[in-house]
Structure formats: C-alpha cells, structure tokens
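Printed here is input28.cif (mmCIF, C-alpha atoms):
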data_coords
loop_
_atom_site.group_PDB
_atom_site.id
_atom_site.type_symbol
_atom_site.label_atom_id
_atom_site.label_comp_id
_atom_site.auth_asym_id
_atom_site.auth_seq_id
_atom_site.Cartn_x
_atom_site.Cartn_y
_atom_site.Cartn_z
ATOM 1 C CA MET A 9 -55.362 54.364 -39.243
ATOM 2 C CA PRO A 10 -54.705 51.192 -41.198
ATOM 3 C CA SER A 11 -54.769 47.980 -39.238
ATOM 4 C CA ASN A 12 -53.849 44.371 -39.919
ATOM 5 C CA THR A 13 -51.486 45.449 -42.662
ATOM 6 C CA ILE A 14 -48.583 43.293 -41.500
ATOM 7 C CA LYS A 15 -48.079 39.585 -41.856
ATOM 8 C CA ILE A 16 -45.010 38.424 -40.015
ATOM 9 C CA ARG A 17 -43.180 35.239 -39.154
ATOM 10 C CA ALA A 18 -40.109 34.945 -36.947
ATOM 11 C CA ARG A 19 -38.415 31.591 -36.678
ATOM 12 C CA LYS A 20 -35.340 30.619 -34.741
ATOM 13 C CA GLN A 21 -33.019 27.940 -36.112
ATOM 14 C CA GLY A 22 -29.820 27.377 -34.186
ATOM 15 C CA GLU A 23 -28.603 30.776 -33.077
ATOM 16 C CA VAL A 24 -30.178 32.731 -35.881
ATOM 17 C CA THR A 25 -33.704 34.100 -36.001
ATOM 18 C CA THR A 26 -35.086 34.773 -39.460
ATOM 19 C CA VAL A 27 -37.896 37.261 -39.842
ATOM 20 C CA LYS A 28 -40.104 37.462 -42.905
ATOM 21 C CA ALA A 29 -42.819 40.050 -43.250
ATOM 22 C CA LEU A 30 -45.330 41.281 -45.802
ATOM 23 C CA ILE A 31 -46.977 44.696 -45.525
ATOM 24 C CA SER A 32 -50.076 45.811 -47.421
ATOM 25 C CA HIS A 33 -49.306 49.275 -48.743
ATOM 26 C CA PRO A 34 -49.778 51.004 -52.133
ATOM 27 C CA MET A 35 -46.225 52.462 -52.230
ATOM 28 C CA GLU A 36 -47.249 55.176 -54.708
ATOM 29 C CA THR A 37 -44.227 56.891 -56.201
ATOM 30 C CA GLY A 38 -45.896 60.212 -56.978
ATOM 31 C CA LEU A 39 -44.662 59.810 -60.555
ATOM 32 C CA ARG A 40 -47.623 57.856 -61.896
ATOM 33 C CA LYS A 41 -50.553 59.507 -63.612
ATOM 34 C CA ASP A 42 -54.177 58.559 -63.350
ATOM 35 C CA SER A 43 -54.983 57.008 -66.737
ATOM 36 C CA LYS A 44 -58.416 58.704 -66.892
ATOM 37 C CA THR A 45 -57.799 62.218 -65.579
ATOM 38 C CA GLY A 46 -54.111 62.509 -66.469
ATOM 39 C CA GLU A 47 -53.444 63.922 -63.024
ATOM 40 C CA LYS A 48 -50.536 62.783 -60.958
ATOM 41 C CA ILE A 49 -51.292 60.334 -58.187
ATOM 42 C CA PRO A 50 -49.791 61.785 -54.983
ATOM 43 C CA ALA A 51 -46.864 59.945 -53.435
ATOM 44 C CA HIS A 52 -47.826 57.583 -50.631
ATOM 45 C CA PHE A 53 -45.076 55.328 -49.405
ATOM 46 C CA ILE A 54 -43.592 53.812 -46.262
ATOM 47 C CA GLN A 55 -40.555 55.702 -45.024
ATOM 48 C CA GLU A 56 -39.582 53.755 -41.980
ATOM 49 C CA VAL A 57 -39.874 50.170 -40.786
ATOM 50 C CA VAL A 58 -38.615 49.267 -37.340
ATOM 51 C CA ALA A 59 -38.185 45.842 -35.748
ATOM 52 C CA GLU A 60 -37.738 45.560 -32.000
ATOM 53 C CA LEU A 61 -36.832 42.494 -29.973
ATOM 54 C CA ASN A 62 -38.164 42.778 -26.420
ATOM 55 C CA GLY A 63 -38.262 46.540 -26.901
ATOM 56 C CA GLU A 64 -34.748 46.863 -28.349
ATOM 57 C CA GLN A 65 -34.258 47.840 -31.974
ATOM 58 C CA VAL A 66 -32.678 45.135 -34.118
ATOM 59 C CA MET A 67 -33.365 46.546 -37.568
ATOM 60 C CA LYS A 68 -34.529 49.807 -39.073
ATOM 61 C CA GLY A 69 -35.322 50.121 -42.733
ATOM 62 C CA LEU A 70 -35.459 53.572 -44.308
ATOM 63 C CA TRP A 71 -37.393 53.347 -47.525
ATOM 64 C CA GLY A 72 -37.948 55.481 -50.577
ATOM 65 C CA ILE A 73 -40.324 55.131 -53.509
ATOM 66 C CA GLY A 74 -38.167 52.370 -54.993
ATOM 67 C CA ILE A 75 -39.633 49.661 -52.784
ATOM 68 C CA SER A 76 -42.336 47.598 -54.458
ATOM 69 C CA LYS A 77 -46.047 47.783 -53.697
ATOM 70 C CA ASN A 78 -47.101 45.522 -50.821
ATOM 71 C CA PRO A 79 -43.519 45.328 -49.572
ATOM 72 C CA TYR A 80 -41.732 42.176 -48.530
ATOM 73 C CA LEU A 81 -38.811 42.223 -46.171
ATOM 74 C CA SER A 82 -36.647 39.644 -44.521
ATOM 75 C CA PHE A 83 -33.712 39.911 -42.151
ATOM 76 C CA LYS A 84 -31.775 37.820 -39.638
ATOM 77 C CA PHE A 85 -30.437 38.376 -36.168
ATOM 78 C CA THR A 86 -28.953 36.528 -33.224
ATOM 79 C CA GLY A 87 -29.532 36.816 -29.506
ATOM 80 C CA ALA A 88 -33.203 35.911 -29.308
ATOM 81 C CA SER A 89 -34.813 33.047 -27.426
ATOM 82 C CA SER A 90 -37.884 31.133 -28.482
ATOM 83 C CA GLY A 91 -40.934 32.863 -27.086
ATOM 84 C CA ASP A 92 -39.402 36.343 -27.197
ATOM 85 C CA THR A 93 -41.584 39.110 -28.572
ATOM 86 C CA LEU A 94 -40.737 40.768 -31.866
ATOM 87 C CA LYS A 95 -42.509 43.981 -32.789
ATOM 88 C CA LEU A 96 -42.621 45.350 -36.312
ATOM 89 C CA SER A 97 -43.944 48.813 -37.083
ATOM 90 C CA TRP A 98 -44.053 51.075 -40.130
ATOM 91 C CA SER A 99 -44.854 54.694 -40.799
ATOM 92 C CA ASP A 100 -45.444 56.427 -44.126
ATOM 93 C CA ASN A 101 -45.173 59.899 -45.632
ATOM 94 C CA LYS A 102 -48.827 60.644 -44.883
ATOM 95 C CA GLY A 103 -48.336 60.032 -41.190
ATOM 96 C CA GLN A 104 -50.102 56.682 -41.207
ATOM 97 C CA SER A 105 -48.639 53.772 -39.334
ATOM 98 C CA ASP A 106 -49.295 50.265 -38.103
ATOM 99 C CA SER A 107 -47.542 47.746 -35.930
ATOM 100 C CA THR A 108 -47.835 44.158 -34.870
ATOM 101 C CA THR A 109 -46.093 41.753 -32.548
ATOM 102 C CA THR A 110 -45.264 38.108 -32.899
ATOM 103 C CA LYS A 111 -43.663 35.452 -30.751
ATOM 104 C CA ILE A 112 -40.443 33.951 -32.015
ATOM 105 C CA ARG A 113 -40.924 30.275 -32.719
ATOM 106 C CA MET B 28 -19.415 72.371 -55.144
ATOM 107 C CA ASN B 29 -19.067 71.245 -58.714
ATOM 108 C CA MET B 30 -22.609 71.375 -59.958
ATOM 109 C CA LYS B 31 -23.362 71.756 -63.619
ATOM 110 C CA ARG B 32 -25.778 74.530 -64.446
ATOM 111 C CA ARG B 33 -28.342 72.221 -65.962
ATOM 112 C CA THR B 34 -28.249 69.843 -63.030
ATOM 113 C CA PHE B 35 -28.575 72.795 -60.709
ATOM 114 C CA LEU B 36 -31.578 74.163 -62.571
ATOM 115 C CA ARG B 37 -33.246 70.803 -62.555
ATOM 116 C CA SER B 38 -32.670 70.189 -58.861
ATOM 117 C CA SER B 39 -33.807 73.673 -57.864
ATOM 118 C CA ALA B 40 -36.946 73.267 -59.950
ATOM 119 C CA ALA B 41 -37.578 69.948 -58.228
ATOM 120 C CA ALA B 42 -36.977 71.507 -54.830
ATOM 121 C CA SER B 43 -39.429 74.307 -55.473
ATOM 122 C CA ALA B 44 -41.994 71.812 -56.717
ATOM 123 C CA VAL B 45 -41.730 70.042 -53.386
ATOM 124 C CA GLY B 46 -42.133 73.393 -51.644
ATOM 125 C CA VAL B 47 -45.295 74.072 -53.607
ATOM 126 C CA ALA B 48 -46.584 70.607 -52.803
ATOM 127 C CA VAL B 49 -46.015 71.173 -49.087
ATOM 128 C CA GLY B 50 -47.683 74.577 -49.312
ATOM 129 C CA ALA B 51 -50.678 73.098 -51.063
ATOM 130 C CA GLY B 52 -51.000 70.497 -48.361
ATOM 131 C CA LEU B 53 -50.215 67.667 -50.743
ATOM 132 C CA LEU B 54 -47.326 66.553 -48.606
ATOM 133 C CA SER B 55 -47.912 66.430 -44.889
ATOM 134 C CA PRO B 56 -45.196 67.778 -42.587
ATOM 135 C CA GLN B 57 -44.744 64.165 -41.567
ATOM 136 C CA ALA B 58 -42.988 63.741 -44.899
ATOM 137 C CA VAL B 59 -40.080 65.614 -43.412
ATOM 138 C CA LEU B 60 -38.925 63.119 -40.826
ATOM 139 C CA ALA B 61 -35.650 64.054 -39.237
ATOM 140 C CA ALA B 62 -34.204 60.581 -39.476
ATOM 141 C CA TRP B 63 -35.293 60.035 -43.040
ATOM 142 C CA PRO B 64 -32.476 61.083 -45.425
ATOM 143 C CA LYS B 65 -34.642 63.085 -47.821
ATOM 144 C CA LYS B 66 -31.750 64.382 -49.919
ATOM 145 C CA ALA B 67 -30.400 60.902 -50.486
ATOM 146 C CA PHE B 68 -33.796 59.553 -51.510
ATOM 147 C CA GLU B 69 -34.420 62.463 -53.857
ATOM 148 C CA ALA B 70 -30.981 62.410 -55.471
ATOM 149 C CA GLU B 71 -31.164 61.659 -59.182
ATOM 150 C CA SER B 72 -27.838 59.927 -59.695
ATOM 151 C CA LEU B 73 -26.152 56.968 -58.056
ATOM 152 C CA ASP B 74 -23.160 59.015 -56.905
ATOM 153 C CA GLY B 75 -25.393 61.840 -55.724
ATOM 154 C CA ALA B 76 -27.527 59.488 -53.662
ATOM 155 C CA MET B 77 -24.499 57.711 -52.238
ATOM 156 C CA GLU B 78 -22.851 60.981 -51.282
ATOM 157 C CA ALA B 79 -26.007 62.395 -49.706
ATOM 158 C CA LEU B 80 -26.453 59.201 -47.703
ATOM 159 C CA THR B 81 -22.908 58.486 -46.582
ATOM 160 C CA GLY B 82 -20.860 61.564 -47.453
ATOM 161 C CA LYS B 83 -18.697 59.493 -49.795
ATOM 162 C CA THR B 84 -18.771 57.969 -53.237
ATOM 163 C CA LYS B 85 -15.647 55.808 -52.961
ATOM 164 C CA THR B 86 -16.222 52.187 -52.090
ATOM 165 C CA SER B 87 -14.002 49.130 -51.847
ATOM 166 C CA GLU B 88 -14.758 45.659 -53.059
ATOM 167 C CA GLY B 89 -16.138 43.584 -50.258
ATOM 168 C CA ASP B 90 -17.427 40.106 -49.648
ATOM 169 C CA ILE B 91 -21.004 40.976 -50.568
ATOM 170 C CA GLN B 92 -23.448 38.764 -52.428
ATOM 171 C CA ILE B 93 -26.388 40.181 -54.316
ATOM 172 C CA LYS B 94 -29.106 37.756 -55.242
ATOM 173 C CA ALA B 95 -31.368 39.147 -57.934
ATOM 174 C CA PRO B 96 -32.768 37.780 -61.197
ATOM 175 C CA ASP B 97 -30.676 38.160 -64.382
ATOM 176 C CA ILE B 98 -33.825 39.154 -66.212
ATOM 177 C CA ALA B 99 -36.814 40.748 -64.496
ATOM 178 C CA GLU B 100 -39.966 40.537 -66.568
ATOM 179 C CA ASN B 101 -41.721 43.035 -64.337
ATOM 180 C CA GLY B 102 -39.636 45.954 -63.128
ATOM 181 C CA ALA B 103 -42.259 46.796 -60.510
ATOM 182 C CA VAL B 104 -41.269 43.783 -58.439
ATOM 183 C CA VAL B 105 -37.619 42.757 -58.475
ATOM 184 C CA PRO B 106 -36.606 40.510 -55.580
ATOM 185 C CA VAL B 107 -33.211 41.478 -54.185
ATOM 186 C CA THR B 108 -31.286 39.792 -51.387
ATOM 187 C CA VAL B 109 -28.046 41.233 -50.070
ATOM 188 C CA SER B 110 -25.803 39.346 -47.701
ATOM 189 C CA ALA B 111 -22.308 40.178 -46.585
ATOM 190 C CA GLU B 112 -19.536 38.289 -44.841
ATOM 191 C CA MET B 113 -17.899 40.922 -42.690
ATOM 192 C CA ASP B 114 -17.683 42.035 -39.106
ATOM 193 C CA GLY B 115 -18.956 45.364 -37.907
ATOM 194 C CA ALA B 116 -21.479 45.992 -40.686
ATOM 195 C CA GLU B 117 -23.709 48.866 -39.613
ATOM 196 C CA SER B 118 -25.941 49.440 -42.576
ATOM 197 C CA ILE B 119 -26.828 48.135 -46.016
ATOM 198 C CA ALA B 120 -28.070 50.451 -48.752
ATOM 199 C CA ILE B 121 -29.670 49.142 -51.927
ATOM 200 C CA PHE B 122 -29.611 51.238 -55.098
ATOM 201 C CA ALA B 123 -31.049 50.728 -58.575
ATOM 202 C CA ALA B 124 -28.439 52.645 -60.564
ATOM 203 C CA LYS B 125 -30.655 54.078 -63.313
ATOM 204 C CA ASN B 126 -33.874 54.722 -61.395
ATOM 205 C CA ALA B 127 -35.080 58.345 -61.324
ATOM 206 C CA ASN B 128 -34.209 58.178 -57.624
ATOM 207 C CA PRO B 129 -31.572 55.441 -57.331
ATOM 208 C CA LEU B 130 -31.704 54.907 -53.565
ATOM 209 C CA THR B 131 -34.415 52.370 -52.788
ATOM 210 C CA SER B 132 -33.708 51.686 -49.136
ATOM 211 C CA ASP B 133 -31.148 51.922 -46.369
ATOM 212 C CA TRP B 134 -31.161 49.307 -43.630
ATOM 213 C CA LYS B 135 -29.684 50.067 -40.232
ATOM 214 C CA LEU B 136 -28.476 46.943 -38.501
ATOM 215 C CA GLY B 137 -29.059 46.905 -34.768
ATOM 216 C CA PRO B 138 -27.073 44.831 -32.268
ATOM 217 C CA GLY B 139 -27.288 41.165 -33.185
ATOM 218 C CA ALA B 140 -28.555 41.804 -36.708
ATOM 219 C CA LYS B 141 -26.811 39.804 -39.427
ATOM 220 C CA PRO B 142 -25.597 41.660 -42.530
ATOM 221 C CA PHE B 143 -28.474 40.207 -44.482
ATOM 222 C CA VAL B 144 -31.553 41.818 -45.955
ATOM 223 C CA SER B 145 -34.077 40.745 -48.522
ATOM 224 C CA THR B 146 -36.770 42.849 -50.170
ATOM 225 C CA ARG B 147 -38.438 43.680 -53.471
ATOM 226 C CA ILE B 148 -37.594 46.825 -55.391
ATOM 227 C CA LYS B 149 -38.876 48.747 -58.404
ATOM 228 C CA MET B 150 -36.633 49.222 -61.423
ATOM 229 C CA GLY B 151 -37.420 51.660 -64.212
ATOM 230 C CA GLU B 152 -35.033 50.140 -66.711
ATOM 231 C CA THR B 153 -32.183 47.681 -67.131
ATOM 232 C CA SER B 154 -29.360 48.666 -64.828
ATOM 233 C CA ASP B 155 -27.100 47.559 -62.032
ATOM 234 C CA VAL B 156 -28.414 46.846 -58.574
ATOM 235 C CA VAL B 157 -25.794 48.252 -56.220
ATOM 236 C CA ALA B 158 -25.422 47.242 -52.602
ATOM 237 C CA VAL B 159 -23.311 49.389 -50.298
ATOM 238 C CA VAL B 160 -22.362 48.080 -46.882
ATOM 239 C CA ASN B 161 -21.060 50.490 -44.260
ATOM 240 C CA ALA B 162 -18.725 48.721 -41.840
ATOM 241 C CA GLY B 163 -16.744 50.755 -39.354
ATOM 242 C CA GLY B 164 -17.042 53.902 -41.449
ATOM 243 C CA LYS B 165 -15.700 52.197 -44.595
ATOM 244 C CA LEU B 166 -17.907 51.527 -47.563
ATOM 245 C CA TYR B 167 -17.932 48.243 -49.433
ATOM 246 C CA SER B 168 -19.984 47.661 -52.514
ATOM 247 C CA ALA B 169 -21.052 45.075 -55.028
ATOM 248 C CA ARG B 170 -23.226 45.287 -58.104
ATOM 249 C CA LYS B 171 -25.242 42.998 -60.325
ATOM 250 C CA GLU B 172 -26.943 43.784 -63.600
ATOM 251 C CA VAL B 173 -30.667 43.113 -63.893
ATOM 252 C CA LYS B 174 -32.294 43.279 -67.325
ATOM 253 C CA VAL B 175 -35.759 44.750 -67.099
ATOM 254 C CA THR B 176 -38.255 44.050 -69.861
ATOM 255 C CA ILE B 177 -41.133 46.176 -68.476
ATOM 256 C CA GLY B 178 -40.268 49.195 -66.333
ATOM 257 C CA GLY B 179 -41.849 49.623 -62.951
ATOM 258 C CA CYS B 180 -41.591 53.300 -62.115
ATOM 259 C CA GLY B 181 -44.873 54.629 -63.416
ATOM 260 C CA GLY B 182 -45.125 56.992 -66.345
#
Can I see the file as structure tokens?
Amino acid sequence: MPSNTIKIRARKQGEVTTVKALISHPMETGLRKDSKTGEKIPAHFIQEVVAELNGEQVMKGLWGIGISKNPYLSFKFTGASSGDTLKLSWSDNKGQSDSTTTKIR
Amino acid sequence: MNMKRRTFLRSSAAASAVGVAVGAGLLSPQAVLAAWPKKAFEAESLDGAMEALTGKTKTSEGDIQIKAPDIAENGAVVPVTVSAEMDGAESIAIFAAKNANPLTSDWKLGPGAKPFVSTRIKMGETSDVVAVVNAGGKLYSARKEVKVTIGGCGG
C-alpha cells in the first residue's frame, strides 16, 4: 500500500475553511504506449477522493483519467472549528488507497 | 435509443475490450466500484457523458465562473477552478469537451461544502471546459475555451 502520498492543508478564515491537497499518483490513462516496447501502459488512476470533517463527509470527488498526474484539489466548506480533524482518503482502480488527517488551523 | 450504427459498433468493441481486460486480470474487480459512474467516465462525447452522469443533456445558464487559462501550453496539466453562486448545489462536474472521455471528475458536495472546486485536468486538444452544477435536480452549466498547444492525453 502506498503511504505518505497526500500533502494537505486546511485553513479556516472567517466562517470558511479552505482545503488544499496534493496527491502523488501516476494517473495513467491506459491510452499511453511505452515508447520502447510499444505496449500500452495499463490504466492506473484514482477513482474516488473523500474528505471527512470529524467523521462526516464534506466532499467526495469521483475521478476519471482526465485528472492530471500528481493531482491537486482544493475545496471550501463551512461549519468547522479550528482544531477539528479533517481526513482525506483516496482509492484507485487497482484497489490501492491512502489516507491522512490534518487539524484545521 | 437513437444510436448510430458506427457509434454502436465502436462502443460495443470498447466494451468487449474492457471485458477481455478484466478476464486477463489487467483490470481488478475493484475497477468496478458501485458508486463510480463507469458509463459516464467511459462515454466518448460530451452529451453522452452528461446523460450517463445525470440522465439529462439540457442545462440552463447559471451563475458559474470557470477559471482556466486562455492558452494552456501543456495539455497534461490545465488548472481549472469552478465556483458557483447558487443555493442548493449538490454536485459539480467538470468536462473537457473534446477529450476521448470528456468527463474528468464529478464532485459531490456534502453538507457545508461551498460550490467551489479547484483541480488540474488533462486536455487532449483545444476545446471548451464545461462545468455542470446540479442544484435541486436542475442542471446549470458554463463553458470556457482553452487553447491547447501540446495535448496531454497520451498517444
């Protein structure tokens, strides 16, 4: 299982918490060919990204092959307090996954 | 169903290719997640993807802003930010109209989530980036053209 693939920052300003995250992932489309062998590189991409605030889902991203390699995502929500725990997890088409938690600043 | 023969042949060939890939163990069964709208992600046209995702292709104009570059030098990484000014937004879908598979992502907004999402997408060629916001069962959309100088969808 991959680990330490997520870099995340969650910052509260006023009522709104802004989350920014970077995930290390190849996001292979399955359409590319290996330049040496000419064989297709199998698809390997994140399908689902879920963000939970204190265990409750605030955002779910369903992704296809059209998301760039080493994906970046950002979103905003209200209703959090400083110090709350935000969990971000992803899973891909090969059944791999990773998750991390951060405290909202 | 109004499917042209050629389209039908192409899609059935694609479907059987996926079947073969699953059989050969290239795709794990995990690839078939119940919640993941496979048909929408594999659709090869904007309308097809939109219909598979939402059941509709009709959208109204809405107060939606798309922030994306006018010209993207590298189609593999095109930053896109979508924000909407409306109540009751439930999801935001981002399409690249002329990609082989136009649907890039669909974002489900949970309670408290603002209708705002920012990410980076791949674009195979110059086309419109289309954002579709689902609010209370109605679809609102906006589009913005991005010129791509180097495609980013393999080949």
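For the structure in this document, the set picked by the PyMOL selection byres ((chain A) within 7 of (chain B)) is Leu39, Arg40, Lys41, Gln65, Val66, Met67, Lys68, Gly69, Leu70, Trp71, Gly72, Ile73, Gly74, Ile75, Ser76, Pro79, Tyr80, Leu81, Ser82, Phe83, Lys84, Phe85, Thr86, Gly87, Asn101, Lys102 and Gly103 of chain A.
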* Coordinates-based distance that separates atom CA of Ile49 of chain A from atom CA of Thr37 of chain A (Å, one decimal) -> 8.1 Å
* For the structure shown, which residues end up in the PyMOL selection byres ((chain B and resi 91) around 6)? Put them as an NGL selection string, please? => :B and (89-90 or 92 or 110-111)
* Asked: So what do you get for atom CA of Ser154 of chain B versus atom CA of Asp42 of chain A, distance-wise?
  -> 26.8 Å
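Between Pro10 of chain A and the candidates A:Glu60, A:Ser99, A:Lys111, A:Leu30, the tightest atom-to-atom separation, counting only C-alpha atoms, involves A:Ser99.
If you look at atom CA of Asp100 of chain A and atom CA of Glu100 of chain B, they are 28.0 Å away from each other.
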* Evaluating the PyMOL selection byres ((chain A and resi 62) around 7) on the displayed file yields which residues, as a PyMOL selection string? -> chain A and resi 60-61+63-64+92-94
Export of prior selection with C-alpha atoms as a PDB file, in the coordinates of the input:
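Produced file result.pdb, reproduced below:
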ATOM      1  CA  GLU A  60     -37.738  45.560 -32.000  1.00  0.00           C
ATOM      2  CA  LEU A  61     -36.832  42.494 -29.973  1.00  0.00           C
ATOM      3  CA  GLY A  63     -38.262  46.540 -26.901  1.00  0.00           C
ATOM      4  CA  GLU A  64     -34.748  46.863 -28.349  1.00  0.00           C
ATOM      5  CA  ASP A  92     -39.402  36.343 -27.197  1.00  0.00           C
ATOM      6  CA  THR A  93     -41.584  39.110 -28.572  1.00  0.00           C
ATOM      7  CA  LEU A  94     -40.737  40.768 -31.866  1.00  0.00           C
TER       8      LEU A  94
END
Please, what is the axis-aligned box for every listed atom of segment 160-164 of chain B with 3 Å on each side, as centre and edge lengths in Å to one decimal, as lines of an AutoDock Vina configuration file?
center_x = -19.6
center_y = 51.0
center_z = -43.1
size_x = 11.6
size_y = 11.8
size_z = 13.5
* **Residues within 6 Å of (-29.6, 50.3, -62.8), counting all atoms listed in the file, listed as a ChimeraX atom specification** => /B:123-125,153-156
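Taking all atoms listed in the file into account, Ala29 of chain A lies nearest to A:Asn78 out of the set A:Asn78, A:Ser11, A:Ile54, A:Ser43.
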Test item: residues at most 9 Å from Gly115 of chain B, all atoms listed in the file, excluding those fewer than 6 positions along its chain, as an mmCIF file with C-alpha atoms, keeping the file's coordinate frame:
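Printed below is part06.cif as written:
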data_model
loop_
_atom_site.group_PDB
_atom_site.id
_atom_site.type_symbol
_atom_site.label_atom_id
_atom_site.label_comp_id
_atom_site.auth_asym_id
_atom_site.auth_seq_id
_atom_site.Cartn_x
_atom_site.Cartn_y
_atom_site.Cartn_z
ATOM 1 C CA PRO B 142 -25.597 41.660 -42.530
ATOM 2 C CA ASN B 161 -21.060 50.490 -44.260
ATOM 3 C CA ALA B 162 -18.725 48.721 -41.840
ATOM 4 C CA GLY B 163 -16.744 50.755 -39.354
#
Write out N, CA and C atoms for segment 109-138 of chain B, as a PDB file, in the frame of the given file.
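Final output, selection.pdb:
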ATOM      1  N   VAL B 109     -29.444  40.839 -50.257  1.00  0.00           N
ATOM      2  CA  VAL B 109     -28.046  41.233 -50.070  1.00  0.00           C
ATOM      3  C   VAL B 109     -27.537  40.579 -48.797  1.00  0.00           C
ATOM      4  N   SER B 110     -26.410  39.882 -48.913  1.00  0.00           N
ATOM      5  CA  SER B 110     -25.803  39.346 -47.701  1.00  0.00           C
ATOM      6  C   SER B 110     -24.301  39.594 -47.767  1.00  0.00           C
ATOM      7  N   ALA B 111     -23.729  39.848 -46.632  1.00  0.00           N
ATOM      8  CA  ALA B 111     -22.308  40.178 -46.585  1.00  0.00           C
ATOM      9  C   ALA B 111     -21.628  39.286 -45.561  1.00  0.00           C
ATOM     10  N   GLU B 112     -20.346  39.032 -45.801  1.00  0.00           N
ATOM     11  CA  GLU B 112     -19.536  38.289 -44.841  1.00  0.00           C
ATOM     12  C   GLU B 112     -18.514  39.242 -44.279  1.00  0.00           C
ATOM     13  N   MET B 113     -18.876  40.022 -43.295  1.00  0.00           N
ATOM     14  CA  MET B 113     -17.899  40.922 -42.690  1.00  0.00           C
ATOM     15  C   MET B 113     -18.355  41.300 -41.291  1.00  0.00           C
ATOM     16  N   ASP B 114     -17.372  41.635 -40.474  1.00  0.00           N
ATOM     17  CA  ASP B 114     -17.683  42.035 -39.106  1.00  0.00           C
ATOM     18  C   ASP B 114     -17.940  43.534 -39.062  1.00  0.00           C
ATOM     19  N   GLY B 115     -18.769  43.933 -38.146  1.00  0.00           N
ATOM     20  CA  GLY B 115     -18.956  45.364 -37.907  1.00  0.00           C
ATOM     21  C   GLY B 115     -19.808  46.079 -38.926  1.00  0.00           C
ATOM     22  N   ALA B 116     -20.597  45.329 -39.722  1.00  0.00           N
ATOM     23  CA  ALA B 116     -21.479  45.992 -40.686  1.00  0.00           C
ATOM     24  C   ALA B 116     -22.562  46.757 -39.930  1.00  0.00           C
ATOM     25  N   GLU B 117     -22.737  48.023 -40.310  1.00  0.00           N
ATOM     26  CA  GLU B 117     -23.709  48.866 -39.613  1.00  0.00           C
ATOM     27  C   GLU B 117     -24.954  49.134 -40.429  1.00  0.00           C
ATOM     28  N   SER B 118     -24.773  49.196 -41.744  1.00  0.00           N
ATOM     29  CA  SER B 118     -25.941  49.440 -42.576  1.00  0.00           C
ATOM     30  C   SER B 118     -25.729  48.880 -43.972  1.00  0.00           C
ATOM     31  N   ILE B 119     -26.843  48.628 -44.643  1.00  0.00           N
ATOM     32  CA  ILE B 119     -26.828  48.135 -46.016  1.00  0.00           C
ATOM     33  C   ILE B 119     -27.757  49.030 -46.825  1.00  0.00           C
ATOM     34  N   ALA B 120     -27.231  49.640 -47.878  1.00  0.00           N
ATOM     35  CA  ALA B 120     -28.070  50.451 -48.752  1.00  0.00           C
ATOM     36  C   ALA B 120     -28.215  49.746 -50.091  1.00  0.00           C
ATOM     37  N   ILE B 121     -29.421  49.784 -50.639  1.00  0.00           N
ATOM     38  CA  ILE B 121     -29.670  49.142 -51.927  1.00  0.00           C
ATOM     39  C   ILE B 121     -30.087  50.206 -52.945  1.00  0.00           C
ATOM     40  N   PHE B 122     -29.341  50.261 -54.044  1.00  0.00           N
ATOM     41  CA  PHE B 122     -29.611  51.238 -55.098  1.00  0.00           C
ATOM     42  C   PHE B 122     -29.972  50.514 -56.393  1.00  0.00           C
ATOM     43  N   ALA B 123     -30.843  51.137 -57.188  1.00  0.00           N
ATOM     44  CA  ALA B 123     -31.049  50.728 -58.575  1.00  0.00           C
ATOM     45  C   ALA B 123     -30.448  51.854 -59.397  1.00  0.00           C
ATOM     46  N   ALA B 124     -29.297  51.583 -60.043  1.00  0.00           N
ATOM     47  CA  ALA B 124     -28.439  52.645 -60.564  1.00  0.00           C
ATOM     48  C   ALA B 124     -29.145  53.639 -61.477  1.00  0.00           C
ATOM     49  N   LYS B 125     -30.066  53.160 -62.327  1.00  0.00           N
ATOM     50  CA  LYS B 125     -30.655  54.078 -63.313  1.00  0.00           C
ATOM     51  C   LYS B 125     -32.075  54.513 -62.974  1.00  0.00           C
ATOM     52  N   ASN B 126     -32.552  54.212 -61.779  1.00  0.00           N
ATOM     53  CA  ASN B 126     -33.874  54.722 -61.395  1.00  0.00           C
ATOM     54  C   ASN B 126     -33.837  56.248 -61.306  1.00  0.00           C
ATOM     55  N   ALA B 127     -35.003  56.882 -61.443  1.00  0.00           N
ATOM     56  CA  ALA B 127     -35.080  58.345 -61.324  1.00  0.00           C
ATOM     57  C   ALA B 127     -34.518  58.773 -59.971  1.00  0.00           C
ATOM     58  N   ASN B 128     -34.825  58.003 -58.941  1.00  0.00           N
ATOM     59  CA  ASN B 128     -34.209  58.178 -57.624  1.00  0.00           C
ATOM     60  C   ASN B 128     -33.552  56.845 -57.261  1.00  0.00           C
ATOM     61  N   PRO B 129     -32.234  56.759 -57.443  1.00  0.00           N
ATOM     62  CA  PRO B 129     -31.572  55.441 -57.331  1.00  0.00           C
ATOM     63  C   PRO B 129     -31.664  54.772 -55.961  1.00  0.00           C
ATOM     64  N   LEU B 130     -31.668  55.548 -54.890  1.00  0.00           N
ATOM     65  CA  LEU B 130     -31.704  54.907 -53.565  1.00  0.00           C
ATOM     66  C   LEU B 130     -33.088  54.317 -53.316  1.00  0.00           C
ATOM     67  N   THR B 131     -33.124  52.999 -53.082  1.00  0.00           N
ATOM     68  CA  THR B 131     -34.415  52.370 -52.788  1.00  0.00           C
ATOM     69  C   THR B 131     -34.618  52.256 -51.285  1.00  0.00           C
ATOM     70  N   SER B 132     -33.550  51.917 -50.567  1.00  0.00           N
ATOM     71  CA  SER B 132     -33.708  51.686 -49.136  1.00  0.00           C
ATOM     72  C   SER B 132     -32.349  51.641 -48.463  1.00  0.00           C
ATOM     73  N   ASP B 133     -32.362  51.989 -47.181  1.00  0.00           N
ATOM     74  CA  ASP B 133     -31.148  51.922 -46.369  1.00  0.00           C
ATOM     75  C   ASP B 133     -31.531  51.202 -45.082  1.00  0.00           C
ATOM     76  N   TRP B 134     -30.805  50.162 -44.769  1.00  0.00           N
ATOM     77  CA  TRP B 134     -31.161  49.307 -43.630  1.00  0.00           C
ATOM     78  C   TRP B 134     -30.130  49.471 -42.534  1.00  0.00           C
ATOM     79  N   LYS B 135     -30.585  49.891 -41.362  1.00  0.00           N
ATOM     80  CA  LYS B 135     -29.684  50.067 -40.232  1.00  0.00           C
ATOM     81  C   LYS B 135     -29.716  48.792 -39.393  1.00  0.00           C
ATOM     82  N   LEU B 136     -28.547  48.194 -39.242  1.00  0.00           N
ATOM     83  CA  LEU B 136     -28.476  46.943 -38.501  1.00  0.00           C
ATOM     84  C   LEU B 136     -28.279  47.228 -37.020  1.00  0.00           C
ATOM     85  N   GLY B 137     -29.190  46.736 -36.206  1.00  0.00           N
ATOM     86  CA  GLY B 137     -29.059  46.905 -34.768  1.00  0.00           C
ATOM     87  C   GLY B 137     -28.140  45.841 -34.200  1.00  0.00           C
ATOM     88  N   PRO B 138     -27.923  45.847 -32.888  1.00  0.00           N
ATOM     89  CA  PRO B 138     -27.073  44.831 -32.268  1.00  0.00           C
ATOM     90  C   PRO B 138     -27.664  43.440 -32.502  1.00  0.00           C
TER      91      PRO B 138
END
